[in-house]
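What follows is a set of notes on a single structure, which appears directly below.
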Amino acid sequence: METQPSAGWLDGREHVLPVRIYYEDTDFTGAVYHANYLRYFERGRSDFLRLAGVSHQGLLDGPDPAAFTVTRITVEFRRAARIDDALLVRTTYDAVKGARLLISQRIFRDGDLIATAAVEAACIDLSGRAKRPPAALIAALKPLFS
């Protein structure tokens with residue numbers, strides 16, 4: 001029987017993705033290396049879209065190919081995550097403004113806030129120019145906007 005990795009779940013308009021911390025995620029002190037939080041946030045954004053019925057490959061293969069690029073991300077680190085921690089990455093897609101998607105993310109461990117991110121991503125065409133997101137993407141996300 002084939003199993004699929006978990007893409008998390010939706011909790012209201014918020015996506016929740018469990019992430020386990022492994023030795024490879026940590027620095028020499030045993031704390032998660034700061035750049036790895038960006039990976040966890042990316043997984044949260046991607047799996048949110050996947051659950052909403054939007055795949056990155058599908059966007060590329062569509063009649064009007066599109067992709068995303070992060071244009072701004074502000075991260076606030078509040079506590080260190082450590083090996084074996086079970087984290088929850090919580091993501092909301094807040095709005096679409098022109099080509100930009102505004103996204104809020106938080107990482108928790110046992111109910112304690114570990115890190116937050118305010119993300120601005122731009123929808124781009126294959127040449128890298130900004131463009132409005134495809135209508136199917138907007139339709140999939142619109143019920144989940146604040």
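Every chain in the structure tokens has a letter given in the order shown (A, B, ...), and although residue numbers restart at 1 in each chain, ligands are simply numbered from 1 in the order shown.
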
Q.
For range 65-78 of chain A, find every residue with an atom within 6 Å (counting only C-alpha atoms), except residues of its own chain fewer than 5 positions away, and show them as a PyMOL selection string.
A. chain A and resi 59-60+114-125

Write the residues you've just listed into a file as a PDB file, in the first residue's frame, and include C-alpha atoms for each of them.
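What landed in selection.pdb:
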ATOM      1  CA  LEU A  59       0.531  26.328 -12.075  1.00  0.00           C
ATOM      2  CA  LEU A  60       3.587  25.818 -14.279  1.00  0.00           C
ATOM      3  CA  ILE A 114       8.616  29.883  18.555  1.00  0.00           C
ATOM      4  CA  ALA A 115       8.732  32.159  15.496  1.00  0.00           C
ATOM      5  CA  THR A 116       6.544  34.339  13.288  1.00  0.00           C
ATOM      6  CA  ALA A 117       6.833  35.377   9.657  1.00  0.00           C
ATOM      7  CA  ALA A 118       5.153  38.041   7.563  1.00  0.00           C
ATOM      8  CA  VAL A 119       5.564  37.006   3.933  1.00  0.00           C
ATOM      9  CA  GLU A 120       4.990  38.806   0.668  1.00  0.00           C
ATOM     10  CA  ALA A 121       5.163  36.582  -2.395  1.00  0.00           C
ATOM     11  CA  ALA A 122       4.734  37.697  -5.987  1.00  0.00           C
ATOM     12  CA  CYS A 123       3.152  35.696  -8.740  1.00  0.00           C
ATOM     13  CA  ILE A 124       5.432  35.684 -11.780  1.00  0.00           C
ATOM     14  CA  ASP A 125       5.386  34.401 -15.345  1.00  0.00           C
TER      15      ASP A 125
END

Can you check which residues of range 37-105 of chain A DSSP gives as alpha helix (DSSP H) on the backbone and send them as a PDB file with C-alpha atoms, in the first residue's frame?
ATOM      1  CA  TYR A  37      12.831  28.126   9.875  1.00  0.00           C
ATOM      2  CA  LEU A  38      12.509  29.531   6.350  1.00  0.00           C
ATOM      3  CA  ARG A  39      12.227  25.943   5.081  1.00  0.00           C
ATOM      4  CA  TYR A  40       9.467  25.152   7.576  1.00  0.00           C
ATOM      5  CA  PHE A  41       7.585  28.292   6.593  1.00  0.00           C
ATOM      6  CA  GLU A  42       7.962  27.359   2.897  1.00  0.00           C
ATOM      7  CA  ARG A  43       6.571  23.881   3.539  1.00  0.00           C
ATOM      8  CA  GLY A  44       3.597  25.446   5.325  1.00  0.00           C
ATOM      9  CA  ARG A  45       2.826  27.767   2.400  1.00  0.00           C
ATOM     10  CA  SER A  46       3.217  24.999  -0.194  1.00  0.00           C
ATOM     11  CA  ASP A  47       1.150  22.424   1.667  1.00  0.00           C
ATOM     12  CA  PHE A  48      -1.566  25.009   2.315  1.00  0.00           C
ATOM     13  CA  LEU A  49      -1.854  25.513  -1.442  1.00  0.00           C
ATOM     14  CA  ARG A  50      -1.786  21.741  -2.005  1.00  0.00           C
ATOM     15  CA  LEU A  51      -4.751  21.253   0.363  1.00  0.00           C
ATOM     16  CA  HIS A  56       3.091  24.393  -8.051  1.00  0.00           C
ATOM     17  CA  GLN A  57       3.509  21.999 -10.972  1.00  0.00           C
ATOM     18  CA  GLY A  58      -0.088  22.579 -12.006  1.00  0.00           C
ATOM     19  CA  LEU A  59       0.531  26.328 -12.075  1.00  0.00           C
ATOM     20  CA  LEU A  60       3.587  25.818 -14.279  1.00  0.00           C
ATOM     21  CA  ASP A  61       1.795  23.406 -16.625  1.00  0.00           C
TER      22      ASP A  61
END

(Q) When you look at Glu14 in chain A with a cut-off of 8 Å (counting only C-alpha atoms), what residues show up, excluding the ones that are within fewer than 6 positions of it in the same chain? I need them as a PyMOL selection string. (A) chain A and resi 90-93+144

Please dump the current selection as a short mmCIF file (atom, residue, chain, number, x, y, z; two decimals), in the first residue's frame; keep N, CA and C atoms.
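Done, and the output landed in part-v1.cif:
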data_model
loop_
_atom_site.label_atom_id
_atom_site.label_comp_id
_atom_site.auth_asym_id
_atom_site.auth_seq_id
_atom_site.Cartn_x
_atom_site.Cartn_y
_atom_site.Cartn_z
N ARG A 90 1.71 27.16 11.37
CA ARG A 90 0.36 27.64 11.11
C ARG A 90 0.44 28.78 10.10
N THR A 91 -0.32 28.65 9.01
CA THR A 91 -0.23 29.57 7.87
C THR A 91 -1.60 30.08 7.49
N THR A 92 -1.68 31.39 7.24
CA THR A 92 -2.89 31.97 6.65
C THR A 92 -2.49 32.79 5.43
N TYR A 93 -3.26 32.63 4.38
CA TYR A 93 -3.15 33.51 3.21
C TYR A 93 -4.13 34.63 3.47
N LEU A 144 -10.73 31.44 2.04
CA LEU A 144 -9.83 31.33 3.18
C LEU A 144 -9.20 32.65 3.59
#

Q.
Between A:Ser127, A:Ala136, A:Ala81, A:Gln105, which residue has the minimum interatomic distance to Tyr33 in chain A, considering only C-alpha atoms?
A. A:Ala81

Q.
Which residues are close to Ile138 in chain A, i.e. within 12 Å by only C-alpha atoms, leaving aside same-chain residues fewer than 4 positions away? Reply as a PyMOL selection string.
A. chain A and resi 49+52-54+93-101+123+132-134+142-145
